[in-house]
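Shown next: run.txt, given as compact mmCIF, C-alpha atoms and all ligand atoms.
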```
# COMPACT_ATOMS: atom_id res chain seq x y z
CA MET A 1 -10.66 38.85 -6.77
CA GLY A 2 -8.10 39.85 -9.34
CA VAL A 3 -6.96 37.52 -12.06
CA GLU A 4 -3.56 37.11 -10.48
CA ALA A 5 -4.95 36.33 -7.04
CA ALA A 6 -7.30 33.79 -8.56
CA ALA A 7 -4.43 32.20 -10.46
CA ALA A 8 -2.32 32.08 -7.28
CA ALA A 9 -5.14 30.46 -5.36
CA SER A 10 -5.71 27.81 -7.99
CA LEU A 11 -1.99 27.17 -8.36
CA GLN A 12 -1.79 26.81 -4.58
CA GLU A 13 -4.58 24.29 -4.82
CA VAL A 14 -2.55 22.26 -7.29
CA ILE A 15 0.51 22.44 -5.05
CA ASN A 16 -1.55 21.37 -2.04
CA TRP A 17 -3.11 18.55 -4.03
CA ALA A 18 0.33 17.26 -4.99
CA ARG A 19 1.59 17.54 -1.42
CA LYS A 20 -1.35 15.92 0.26
CA ASN A 21 -1.36 12.84 -1.92
CA SER A 22 2.25 11.86 -1.39
CA VAL A 23 2.88 12.37 2.31
CA TRP A 24 5.87 10.15 2.90
CA PRO A 25 6.46 9.23 6.54
CA VAL A 26 9.86 8.72 8.08
CA THR A 27 10.54 5.20 9.41
CA PHE A 28 10.35 6.06 13.06
CA GLY A 29 8.73 3.96 15.76
CA LEU A 30 9.32 4.24 19.47
CA ALA A 31 7.17 1.72 21.33
CA CYS A 32 4.10 -0.52 21.07
CA CYS A 33 2.23 1.99 18.89
CA ALA A 34 4.86 1.52 16.20
CA LEU A 35 3.56 -2.00 15.62
CA GLU A 36 0.13 -0.64 14.78
CA MET A 37 1.80 1.82 12.44
CA MET A 38 3.59 -1.03 10.69
CA VAL A 39 0.36 -2.98 10.40
CA ALA A 40 -1.19 0.05 8.71
CA SER A 41 1.11 -0.57 5.74
CA SER A 42 0.04 -4.21 5.42
CA SER A 43 -2.39 -5.30 2.72
CA THR A 44 -5.31 -5.32 5.18
CA TYR A 45 -5.17 -1.63 6.00
CA ASP A 46 -3.15 -0.55 2.96
CA ILE A 47 -1.89 2.91 3.78
CA ALA A 48 -0.80 3.05 0.11
CA ARG A 49 -4.35 4.08 -0.77
CA PHE A 50 -3.48 7.46 0.69
CA GLY A 51 -0.07 7.81 -0.91
CA SER A 52 1.77 7.32 2.36
CA GLU A 53 3.15 3.80 2.00
CA VAL A 54 6.73 4.88 1.33
CA PHE A 55 8.30 4.85 4.78
CA ARG A 56 11.68 6.46 4.06
CA PRO A 57 14.67 5.42 6.16
CA SER A 58 16.23 8.85 5.62
CA PRO A 59 14.50 11.91 7.11
CA ARG A 60 15.81 13.92 4.14
CA GLN A 61 13.23 12.29 1.89
CA THR A 62 10.17 12.59 4.08
CA ASP A 63 7.26 14.95 4.71
CA LEU A 64 5.67 13.37 7.76
CA MET A 65 6.85 12.18 11.12
CA ILE A 66 4.50 9.74 12.82
CA VAL A 67 5.61 9.83 16.44
CA ALA A 68 4.41 6.34 17.28
CA GLY A 69 5.00 5.54 20.91
CA THR A 70 6.50 6.64 24.17
CA VAL A 71 9.01 9.47 23.91
CA THR A 72 11.54 9.12 26.69
CA LYS A 73 13.60 12.06 27.78
CA LYS A 74 16.68 10.21 26.59
CA MET A 75 15.16 9.87 23.12
CA ALA A 76 13.95 13.46 22.95
CA PRO A 77 17.14 15.00 21.46
CA MET A 78 17.27 12.32 18.75
CA LEU A 79 13.62 12.86 17.92
CA LYS A 80 14.17 16.57 17.63
CA ARG A 81 17.23 16.07 15.45
CA ILE A 82 15.34 13.79 13.05
CA TYR A 83 12.57 16.38 12.86
CA GLU A 84 15.08 19.13 12.11
CA GLN A 85 16.65 16.98 9.40
CA MET A 86 13.37 16.66 7.53
CA PRO A 87 13.04 19.19 4.72
CA GLU A 88 10.07 21.55 4.51
CA PRO A 89 7.17 21.10 4.03
CA LYS A 90 6.85 18.73 6.98
CA TRP A 91 4.06 17.62 9.25
CA VAL A 92 3.80 15.63 12.47
CA ILE A 93 1.20 13.15 13.70
CA ALA A 94 1.31 12.33 17.39
CA TYR A 95 0.13 8.73 17.33
CA GLY A 96 -1.08 7.21 20.59
CA ALA A 97 -1.70 8.44 24.10
CA CYS A 98 2.00 8.44 24.92
CA ALA A 99 2.99 10.73 22.09
CA CYS A 100 -0.03 12.98 22.70
CA SER A 101 0.33 13.41 26.44
CA GLY A 102 2.71 10.91 28.01
CA GLY A 103 -0.15 8.42 28.31
CA ILE A 104 0.04 5.98 31.17
CA PHE A 105 3.62 6.98 31.93
CA GLN A 106 3.43 9.89 34.34
CA THR A 107 7.04 9.29 35.31
CA TYR A 108 10.39 10.96 35.55
CA ASN A 109 11.69 9.51 32.30
CA VAL A 110 8.86 10.14 29.80
CA VAL A 111 8.17 13.34 27.89
CA GLN A 112 4.60 14.37 28.73
CA GLY A 113 3.52 14.93 25.15
CA VAL A 114 5.75 15.26 22.11
CA ASP A 115 4.29 18.72 21.43
CA GLN A 116 6.69 19.99 24.08
CA ILE A 117 9.53 19.37 21.65
CA ILE A 118 8.16 19.67 18.12
CA PRO A 119 4.97 21.15 16.64
CA VAL A 120 2.19 18.59 16.13
CA ASP A 121 -0.46 18.81 13.39
CA VAL A 122 -2.75 15.88 14.18
CA TYR A 123 -3.28 13.99 17.44
CA VAL A 124 -4.48 10.40 17.29
CA PRO A 125 -5.55 9.19 20.75
CA GLY A 126 -5.70 5.57 21.85
CA CYS A 127 -3.49 3.03 23.55
CA PRO A 128 -2.67 1.93 20.94
CA PRO A 129 -4.97 3.47 18.33
CA ARG A 130 -6.01 0.96 15.71
CA PRO A 131 -4.48 1.28 12.25
CA GLU A 132 -7.77 2.79 11.11
CA GLY A 133 -6.98 5.56 13.59
CA LEU A 134 -3.75 6.26 11.76
CA LEU A 135 -5.58 6.28 8.43
CA LYS A 136 -8.08 8.71 9.87
CA GLY A 137 -5.18 10.81 11.12
CA ILE A 138 -3.63 10.86 7.66
CA ILE A 139 -6.96 11.81 6.05
CA THR A 140 -7.32 14.63 8.59
CA LEU A 141 -3.81 15.75 7.79
CA GLN A 142 -4.60 15.67 4.07
CA GLU A 143 -7.61 17.89 4.67
CA LYS A 144 -5.41 20.24 6.62
CA ILE A 145 -2.83 20.34 3.82
CA ALA A 146 -5.52 20.91 1.20
CA ALA A 147 -6.73 23.96 3.13
CA GLU A 148 -3.32 25.59 3.44
CA PRO A 149 -3.51 29.14 2.06
CA ALA A 150 -0.98 30.60 -0.31
CA GLY A 151 1.97 32.32 1.33
CA GLN A 152 2.10 30.03 4.35
CA ARG A 153 5.40 28.40 3.44
CA ASN A 154 8.25 30.10 1.61
CA LEU A 155 9.08 27.15 -0.55
CA VAL A 156 7.70 27.76 -4.03
CA SER A 157 7.92 31.25 -5.51
CA LEU A 158 4.97 32.00 -7.74
CA PRO A 159 5.68 34.32 -10.68
CA TRP A 160 3.38 37.09 -9.42
CA GLY A 161 5.09 37.43 -6.08
CA ASN A 162 3.24 34.96 -3.93
CA ASN A 163 4.78 32.07 -2.05
CA GLY A 164 3.36 28.57 -1.84
CA MET B 1 19.50 -31.48 40.07
CA ALA B 2 21.89 -32.53 42.78
CA LYS B 3 21.56 -31.04 46.20
CA CYS B 4 23.43 -27.79 46.38
CA MET B 5 26.39 -27.96 48.75
CA ALA B 6 27.04 -24.25 48.69
CA GLY B 7 25.65 -23.51 52.15
CA ASP B 8 27.72 -26.15 53.92
CA LEU B 9 30.86 -25.45 51.96
CA LEU B 10 30.63 -21.71 52.51
CA LYS B 11 30.05 -22.16 56.21
CA GLU B 12 33.11 -24.36 56.37
CA THR B 13 35.37 -22.10 54.33
CA PHE B 14 34.15 -18.63 55.35
CA PRO B 15 32.55 -19.10 58.78
CA GLU B 16 32.88 -15.40 59.58
CA ALA B 17 31.38 -14.17 56.28
CA VAL B 18 28.16 -16.21 56.14
CA ARG B 19 25.40 -14.29 57.90
CA ASP B 20 22.35 -16.34 57.10
CA ILE B 21 21.21 -19.32 55.04
CA GLU B 22 17.58 -19.65 53.98
CA GLU B 23 15.85 -22.52 52.25
CA PHE B 24 12.52 -21.94 50.61
CA ARG B 25 10.98 -24.43 48.20
CA ARG B 26 14.41 -25.85 47.41
CA GLU B 27 15.78 -22.42 46.68
CA THR B 28 18.82 -21.46 48.69
CA SER B 29 19.59 -17.88 49.62
CA ILE B 30 22.81 -17.08 51.42
CA THR B 31 23.52 -13.70 52.96
CA ILE B 32 27.18 -12.77 52.85
CA ASP B 33 29.21 -10.06 54.49
CA ALA B 34 29.80 -7.34 51.92
CA GLY B 35 33.51 -7.13 52.62
CA LYS B 36 34.06 -10.78 51.68
CA ILE B 37 31.99 -10.75 48.49
CA ARG B 38 34.89 -11.21 46.08
CA GLU B 39 36.45 -14.12 47.95
CA VAL B 40 33.10 -15.87 48.27
CA MET B 41 32.18 -15.33 44.63
CA THR B 42 35.55 -16.55 43.38
CA PHE B 43 35.16 -19.61 45.58
CA LEU B 44 31.65 -20.31 44.29
CA LYS B 45 32.83 -20.09 40.73
CA GLU B 46 36.06 -22.04 41.03
CA ASN B 47 35.26 -24.79 43.54
CA GLU B 48 34.77 -27.93 41.48
CA LYS B 49 31.89 -29.12 43.67
CA LEU B 50 29.93 -25.92 42.97
CA CYS B 51 30.99 -24.47 39.60
CA TYR B 52 28.66 -21.48 39.61
CA ASP B 53 29.94 -20.34 36.26
CA LEU B 54 26.99 -18.23 35.15
CA LEU B 55 25.69 -15.01 36.67
CA LEU B 56 22.02 -14.84 35.75
CA ASP B 57 21.12 -11.58 37.39
CA LEU B 58 22.34 -8.93 39.74
CA ALA B 59 19.85 -6.57 41.26
CA GLY B 60 19.60 -3.93 43.91
CA VAL B 61 16.81 -3.47 46.44
CA ASP B 62 16.12 -0.37 48.50
CA PHE B 63 14.70 -1.06 51.96
CA ASP B 64 14.08 2.51 52.90
CA ASP B 65 13.57 1.87 56.60
CA ARG B 66 16.24 -0.75 57.19
CA SER B 67 19.82 -0.35 58.12
CA PRO B 68 21.90 -1.05 56.09
CA ARG B 69 19.57 0.39 53.52
CA PHE B 70 20.40 -1.48 50.31
CA MET B 71 20.57 -5.11 49.39
CA ILE B 72 22.30 -6.56 46.34
CA ALA B 73 21.14 -9.96 45.14
CA TYR B 74 23.16 -12.18 42.81
CA LEU B 75 21.48 -15.07 41.03
CA LEU B 76 23.97 -17.75 40.10
CA HIS B 77 23.60 -20.82 37.96
CA SER B 78 25.86 -23.81 37.60
CA THR B 79 25.75 -25.16 34.07
CA LYS B 80 27.61 -28.26 35.24
CA PHE B 81 25.25 -29.29 38.06
CA ASN B 82 22.17 -27.38 36.93
CA ASN B 83 21.92 -25.70 40.32
CA LYS B 84 20.77 -22.23 41.17
CA LEU B 85 21.85 -20.12 44.11
CA ARG B 86 20.95 -16.71 45.43
CA ILE B 87 23.61 -14.67 47.17
CA LYS B 88 22.61 -11.54 49.05
CA THR B 89 24.63 -8.83 50.60
CA THR B 90 23.80 -5.51 52.21
CA VAL B 91 25.24 -2.07 51.55
CA ALA B 92 24.73 0.98 53.69
CA GLU B 93 23.88 4.33 52.16
CA GLY B 94 27.04 5.98 50.90
CA ALA B 95 29.06 2.76 51.23
CA SER B 96 30.47 0.92 48.26
CA LEU B 97 30.85 -2.67 47.19
CA ASP B 98 33.57 -4.53 45.30
CA THR B 99 32.81 -5.35 41.69
CA VAL B 100 32.43 -8.93 40.50
CA SER B 101 32.66 -7.95 36.84
CA ASP B 102 36.07 -9.56 36.50
CA ILE B 103 34.70 -12.84 37.87
CA TRP B 104 31.64 -12.87 35.60
CA ILE B 105 31.85 -10.45 32.70
CA ALA B 106 28.03 -10.36 32.70
CA ALA B 107 28.15 -8.32 35.90
CA ASP B 108 29.59 -5.33 34.05
CA TRP B 109 26.34 -3.88 32.71
CA MET B 110 24.25 -5.15 35.63
CA GLU B 111 26.44 -3.27 38.08
CA ARG B 112 26.18 -0.19 35.93
CA GLU B 113 22.42 -0.53 36.03
CA VAL B 114 22.43 -0.81 39.83
CA TYR B 115 24.71 2.20 39.99
CA ASP B 116 22.45 4.11 37.63
CA LEU B 117 19.20 3.41 39.47
CA PHE B 118 20.36 3.16 43.09
CA GLY B 119 23.61 5.11 43.16
CA ILE B 120 25.62 2.27 44.67
CA ILE B 121 29.31 2.52 43.80
CA PHE B 122 31.14 -0.63 42.73
CA ASN B 123 34.85 -0.42 43.51
CA ASN B 124 37.23 -1.25 40.66
CA HIS B 125 34.48 -1.46 38.08
CA PRO B 126 36.10 -0.85 34.65
CA TYR B 127 33.56 1.69 33.38
CA LEU B 128 31.06 2.76 36.00
CA ARG B 129 28.73 5.28 34.41
CA ARG B 130 25.01 5.53 33.71
CA ILE B 131 23.67 2.90 31.34
CA LEU B 132 19.89 3.45 31.06
CA LEU B 133 19.30 7.08 31.96
CA PRO B 134 20.75 10.04 30.11
CA GLU B 135 24.24 11.12 31.19
CA ASP B 136 23.04 14.40 32.66
CA PHE B 137 20.26 12.88 34.77
CA VAL B 138 20.29 13.96 38.40
CA GLY B 139 19.37 11.42 41.08
CA HIS B 140 18.81 7.69 41.26
CA PRO B 141 15.16 6.93 40.51
CA LEU B 142 14.74 3.47 42.04
CA ARG B 143 15.54 4.86 45.47
CA LYS B 144 12.35 4.96 47.48
CA ASP B 145 12.75 8.66 48.25
CA PHE B 146 12.91 9.65 44.56
CA PRO B 147 9.57 11.13 43.40
CA VAL B 148 8.05 8.84 40.76
CA LYS B 149 7.09 11.73 38.53
CA GLY B 150 10.51 13.27 38.87
CA PRO B 151 11.39 16.53 40.57
CA ASP B 152 10.49 18.66 37.52
CA PHE B 153 7.11 17.15 36.57
CA GLY B 154 4.79 19.68 35.00
CA GLN B 155 7.59 21.99 33.91
CA PRO B 156 8.05 22.49 30.18
CA LEU B 157 10.80 20.29 28.82
CA GLN B 158 13.79 21.99 27.23
CA VAL B 159 15.57 19.97 24.60
CA CYS B 160 18.64 21.64 23.19
CA LEU B 161 20.55 20.09 20.32
CA GLU B 162 24.30 20.57 20.39
CA GLU B 163 24.29 23.11 17.57
CA GLU B 164 21.64 25.21 19.32
CA ARG B 165 23.63 25.67 22.51
S1 LIG A 201 -0.05 4.76 23.75
FE1 LIG A 201 -0.16 2.68 24.62
S2 LIG A 201 0.34 1.34 22.90
FE2 LIG A 201 1.04 3.41 22.35
S3 LIG A 201 3.18 3.50 22.96
FE3 LIG A 201 1.95 4.28 24.66
S4 LIG A 201 1.62 2.49 25.98
FE4 LIG A 201 2.26 1.73 23.98
```
So, in terms of structure tokens, how does the structure I just supplied come out?
Ligand code: SF4
Amino acid sequence: MGVEAAAAASLQEVINWARKNSVWPVTFGLACCALEMMVASSSTYDIARFGSEVFRPSPRQTDLMIVAGTVTKKMAPMLKRIYEQMPEPKWVIAYGACACSGGIFQTYNVVQGVDQIIPVDVYVPGCPPRPEGLLKGIITLQEKIAAEPAGQRNLVSLPWGNNG
Amino acid sequence: MAKCMAGDLLKETFPEAVRDIEEFRRETSITIDAGKIREVMTFLKENEKLCYDLLLDLAGVDFDDRSPRFMIAYLLHSTKFNNKLRIKTTVAEGASLDTVSDIWIAADWMEREVYDLFGIIFNNHPYLRRILLPEDFVGHPLRKDFPVKGPDFGQPLQVCLEEER
């Protein structure tokens, strides 16, 4: 490995480290699962330990969308718009059976899995998953972010021509 | 709770409109001819012996195999006498019913809901459009012949934002 490639890789590691430890979710809850998500930020479960306690009311300031609950077809355009409003880099956790696959609602009005509308990084199954499930999901996401190779996202230009 | 006089009074005043009166566990249900619904409802609200001034609920029922197919049930409450009354009326498929939203303002959204889910038209309703389902939804899902999973179950969902069109 050349010196420059090694420098790029280690700089990418620093970037990933910074990103993974401040994954700010957007305040976005759809159904019963949202209550478990809220509980995850209480002192008992303390999502702040993972740098994700800052639920931002504006999608412009967030990195993560936790799709917590049932996505109805009426809500789908709004969900997609909020996702599009989030700046890169952004990730998505599908939290709960409903967001993963439609769950118990095999009906005319429910989207059968939010991955039909937006790309999902981590699936957390359960109805509802316990807050520990969300924490596990965030840890999994952090591992995924930490492993992102250089050049995956065109956000940071590194001086020797690579993108981070 | 005083005994509800509605059955007797309605029979007296609208003998041709009252189809049936049922009593079950001190609950009264009166079936009314659909054409007379506005007169009967105005009477129930304004007669000082009845004073049904509150519309608690308005719901549709689809009896797939009956004719007329649909039933609309109105649950009324009298805050003065603390009485409750159930009024029923039937609507055939494709027929319409007069609105009661000017008698009880609460009926406005309830009638929209019945329209949304059963496709029953309420004449003279101020703003009859879908209330729960998206505007572009096709069909009326609480009808018994509507497939529960929807006609397009299993197809990939297309969501287009305005700016992408
Ligand atoms: S997965 Fe269960 S708890 Fe979560 S939104 Fe769906 S029905 Fe509610």
Q: Throw together the list of residues within 8 Å of ligand LIG 201 (chain A), counting all atoms listed in the file, and drop it here as a PyMOL selection string.
A: chain A and resi 30-34+68-70+95-99+102-105+125-129
Show me which bits of chain A are within 7 Å of chain B, counting only C-alpha atoms, as a short mmCIF file (atom, residue, chain, number, x, y, z; two decimals) with C-alpha atoms, keeping the file's coordinate frame.
```cif
data_model
loop_
_atom_site.label_atom_id
_atom_site.label_comp_id
_atom_site.auth_asym_id
_atom_site.auth_seq_id
_atom_site.Cartn_x
_atom_site.Cartn_y
_atom_site.Cartn_z
CA LYS A 74 16.68 10.21 26.59
CA ALA A 76 13.95 13.46 22.95
CA PRO A 77 17.14 15.00 21.46
CA GLN A 106 3.43 9.89 34.34
CA THR A 107 7.04 9.29 35.31
CA TYR A 108 10.39 10.96 35.55
CA GLN A 116 6.69 19.99 24.08
CA ILE A 117 9.53 19.37 21.65
#
```
Q: Step by step: start from the point (15.4, -20.5, 49.3) in the file's coordinates, keep every protein, DNA or RNA residue that has an atom no farther than 12 Å from it, count all atoms listed in the file, and write the set as number ranges by chain.
A: B: 4, 7, 20-31, 75, 84-88
Q: Within 7 Å of stretch 110-118 of chain B, counting only C-alpha atoms, which residues show up once you throw out same-chain ones fewer than 3 positions away? Write them as a VMD selection string, please.
A: chain B and resid 58 to 60 107 121 128 to 132 140 to 143
List every protein, DNA or RNA residue that has an atom no more than 7 Å from (26.8, -14.8, 38.3) in the file's coordinate frame, counting all atoms listed in the file, and report them as a PDB file with C-alpha atoms, in the frame of the given file.
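result.pdb was written with the following content:
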```
ATOM      1  CA  ASP B  53      29.940 -20.340  36.260  1.00  0.00           C
ATOM      2  CA  LEU B  54      26.990 -18.230  35.150  1.00  0.00           C
ATOM      3  CA  LEU B  55      25.690 -15.010  36.670  1.00  0.00           C
ATOM      4  CA  LEU B  56      22.020 -14.840  35.750  1.00  0.00           C
ATOM      5  CA  ASP B  57      21.120 -11.580  37.390  1.00  0.00           C
ATOM      6  CA  TYR B  74      23.160 -12.180  42.810  1.00  0.00           C
ATOM      7  CA  LEU B  75      21.480 -15.070  41.030  1.00  0.00           C
ATOM      8  CA  LEU B  76      23.970 -17.750  40.100  1.00  0.00           C
ATOM      9  CA  HIS B  77      23.600 -20.820  37.960  1.00  0.00           C
ATOM     10  CA  TRP B 104      31.640 -12.870  35.600  1.00  0.00           C
TER      11      TRP B 104
END
```
With 6 Å added on each side, what axis-aligned box encloses every listed atom of stretch 19-22 of chain B? Give the centre and edge lengths in Å to one decimal, as lines of an AutoDock Vina configuration file.
```
center_x = 21.5
center_y = -17.0
center_z = 55.9
size_x = 19.8
size_y = 17.4
size_z = 15.9
```
Q.
Report, in Å to a single decimal, how far apart atom CA of B:Trp109 and atom CA of B:Pro126 are.
A. 10.4 Å
(Q) Between atom CA of B:Asn124 and atom CA of B:Asp102, what is the distance in Å, rounded to a tenth? (A)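 Atom CA of B:Asn124 sits 9.4 Å away from atom CA of B:Asp102.
Nearest to B:Phe43 of all the residues B:Arg19, B:Val100, B:Phe63, B:Leu10 is B:Leu10, based on only C-alpha atoms.
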**Q.** Atomic distance atom CA of B:Asp33 - atom CA of B:Glu16, expressed in Å with one decimal
**A.** 8.2 Å
**Q.** Contacts of A:Lys144 within 10 Å, all atoms listed in the file, excl. fewer than 5 positions in-chain, as a VMD selection string
**A.** chain A and resid 16 20 121 to 122 138 to 139
Q | Residue nearest A:Ser22 among A:Ser101, A:Asn109, A:Thr62, A:Ser52 (counting only C-alpha atoms) | A |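 Smallest separation from A:Ser22 among the options: A:Ser52.
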Q: Just the residues within 8 Å of A:Lys90, please, counting all atoms listed in the file, with nothing from its chain fewer than 6 positions along; format it as JSON, numbers by chain.
A: {"A": [62, 63, 64, 65]}
Include C-alpha atoms and write out the residues we just selected as a CSV table (one decimal), in the frame of the given file.
```csv
chain,number,residue,atom,x,y,z
A,62,THR,CA,10.2,12.6,4.1
A,63,ASP,CA,7.3,15.0,4.7
A,64,LEU,CA,5.7,13.4,7.8
A,65,MET,CA,6.8,12.2,11.1
```
Can you take the partial stretch 41-50 of chain B, add all heavy atoms, and return it as a compact mmCIF listing (two decimals), in the coordinates of the input?
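Final file, out_10.txt:
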```
# COMPACT_ATOMS: atom_id res chain seq x y z
N MET B 41 32.59 -15.12 46.01
CA MET B 41 32.18 -15.33 44.63
C MET B 41 33.23 -16.12 43.84
O MET B 41 32.89 -17.00 43.06
CB MET B 41 31.92 -13.98 43.95
CG MET B 41 30.70 -13.27 44.48
SD MET B 41 29.26 -14.31 44.48
CE MET B 41 27.98 -13.11 44.60
N THR B 42 34.50 -15.79 44.06
CA THR B 42 35.55 -16.55 43.38
C THR B 42 35.49 -18.02 43.80
O THR B 42 35.60 -18.91 42.96
CB THR B 42 36.94 -15.96 43.73
OG1 THR B 42 36.85 -14.55 43.66
CG2 THR B 42 38.00 -16.46 42.80
N PHE B 43 35.26 -18.23 45.09
CA PHE B 43 35.16 -19.61 45.58
C PHE B 43 33.99 -20.34 44.92
O PHE B 43 34.13 -21.46 44.44
CB PHE B 43 35.00 -19.58 47.10
CG PHE B 43 34.77 -20.92 47.73
CD1 PHE B 43 35.83 -21.77 47.96
CD2 PHE B 43 33.49 -21.32 48.10
CE1 PHE B 43 35.62 -23.01 48.54
CE2 PHE B 43 33.28 -22.56 48.68
CZ PHE B 43 34.35 -23.40 48.90
N LEU B 44 32.84 -19.67 44.87
CA LEU B 44 31.65 -20.31 44.29
C LEU B 44 31.88 -20.65 42.83
O LEU B 44 31.39 -21.66 42.33
CB LEU B 44 30.44 -19.37 44.41
CG LEU B 44 29.85 -19.20 45.79
CD1 LEU B 44 28.78 -18.12 45.77
CD2 LEU B 44 29.25 -20.51 46.28
N LYS B 45 32.62 -19.82 42.15
CA LYS B 45 32.83 -20.09 40.73
C LYS B 45 33.86 -21.19 40.53
O LYS B 45 33.71 -22.04 39.65
CB LYS B 45 33.29 -18.82 40.02
CG LYS B 45 33.38 -19.02 38.52
CD LYS B 45 33.83 -17.77 37.81
CE LYS B 45 33.89 -18.03 36.33
NZ LYS B 45 34.56 -16.96 35.61
N GLU B 46 34.91 -21.18 41.36
CA GLU B 46 36.06 -22.04 41.03
C GLU B 46 36.05 -23.38 41.76
O GLU B 46 36.71 -24.31 41.31
CB GLU B 46 37.36 -21.28 41.29
CG GLU B 46 37.54 -20.26 40.19
CD GLU B 46 38.67 -19.31 40.43
OE1 GLU B 46 39.37 -19.45 41.45
OE2 GLU B 46 38.84 -18.42 39.58
N ASN B 47 35.32 -23.50 42.85
CA ASN B 47 35.26 -24.79 43.54
C ASN B 47 34.61 -25.83 42.62
O ASN B 47 33.54 -25.61 42.07
CB ASN B 47 34.44 -24.64 44.81
CG ASN B 47 34.49 -25.88 45.66
OD1 ASN B 47 34.04 -26.94 45.23
ND2 ASN B 47 35.05 -25.75 46.84
N GLU B 48 35.28 -26.99 42.49
CA GLU B 48 34.77 -27.93 41.48
C GLU B 48 33.51 -28.66 41.93
O GLU B 48 32.84 -29.30 41.13
CB GLU B 48 35.86 -28.92 41.03
CG GLU B 48 36.27 -29.96 42.03
CD GLU B 48 37.48 -29.48 42.85
OE1 GLU B 48 37.75 -28.27 42.89
OE2 GLU B 48 38.14 -30.32 43.44
N LYS B 49 33.16 -28.53 43.23
CA LYS B 49 31.89 -29.12 43.67
C LYS B 49 30.72 -28.17 43.43
O LYS B 49 29.56 -28.55 43.58
CB LYS B 49 31.96 -29.44 45.16
CG LYS B 49 32.83 -30.62 45.46
CD LYS B 49 32.65 -31.03 46.91
CE LYS B 49 33.76 -31.96 47.34
NZ LYS B 49 34.29 -31.60 48.66
N LEU B 50 31.00 -26.92 43.12
CA LEU B 50 29.93 -25.92 42.97
C LEU B 50 29.83 -25.42 41.53
O LEU B 50 28.77 -25.50 40.92
CB LEU B 50 30.18 -24.73 43.91
CG LEU B 50 30.22 -25.12 45.38
CD1 LEU B 50 30.70 -23.94 46.21
CD2 LEU B 50 28.85 -25.57 45.84
```
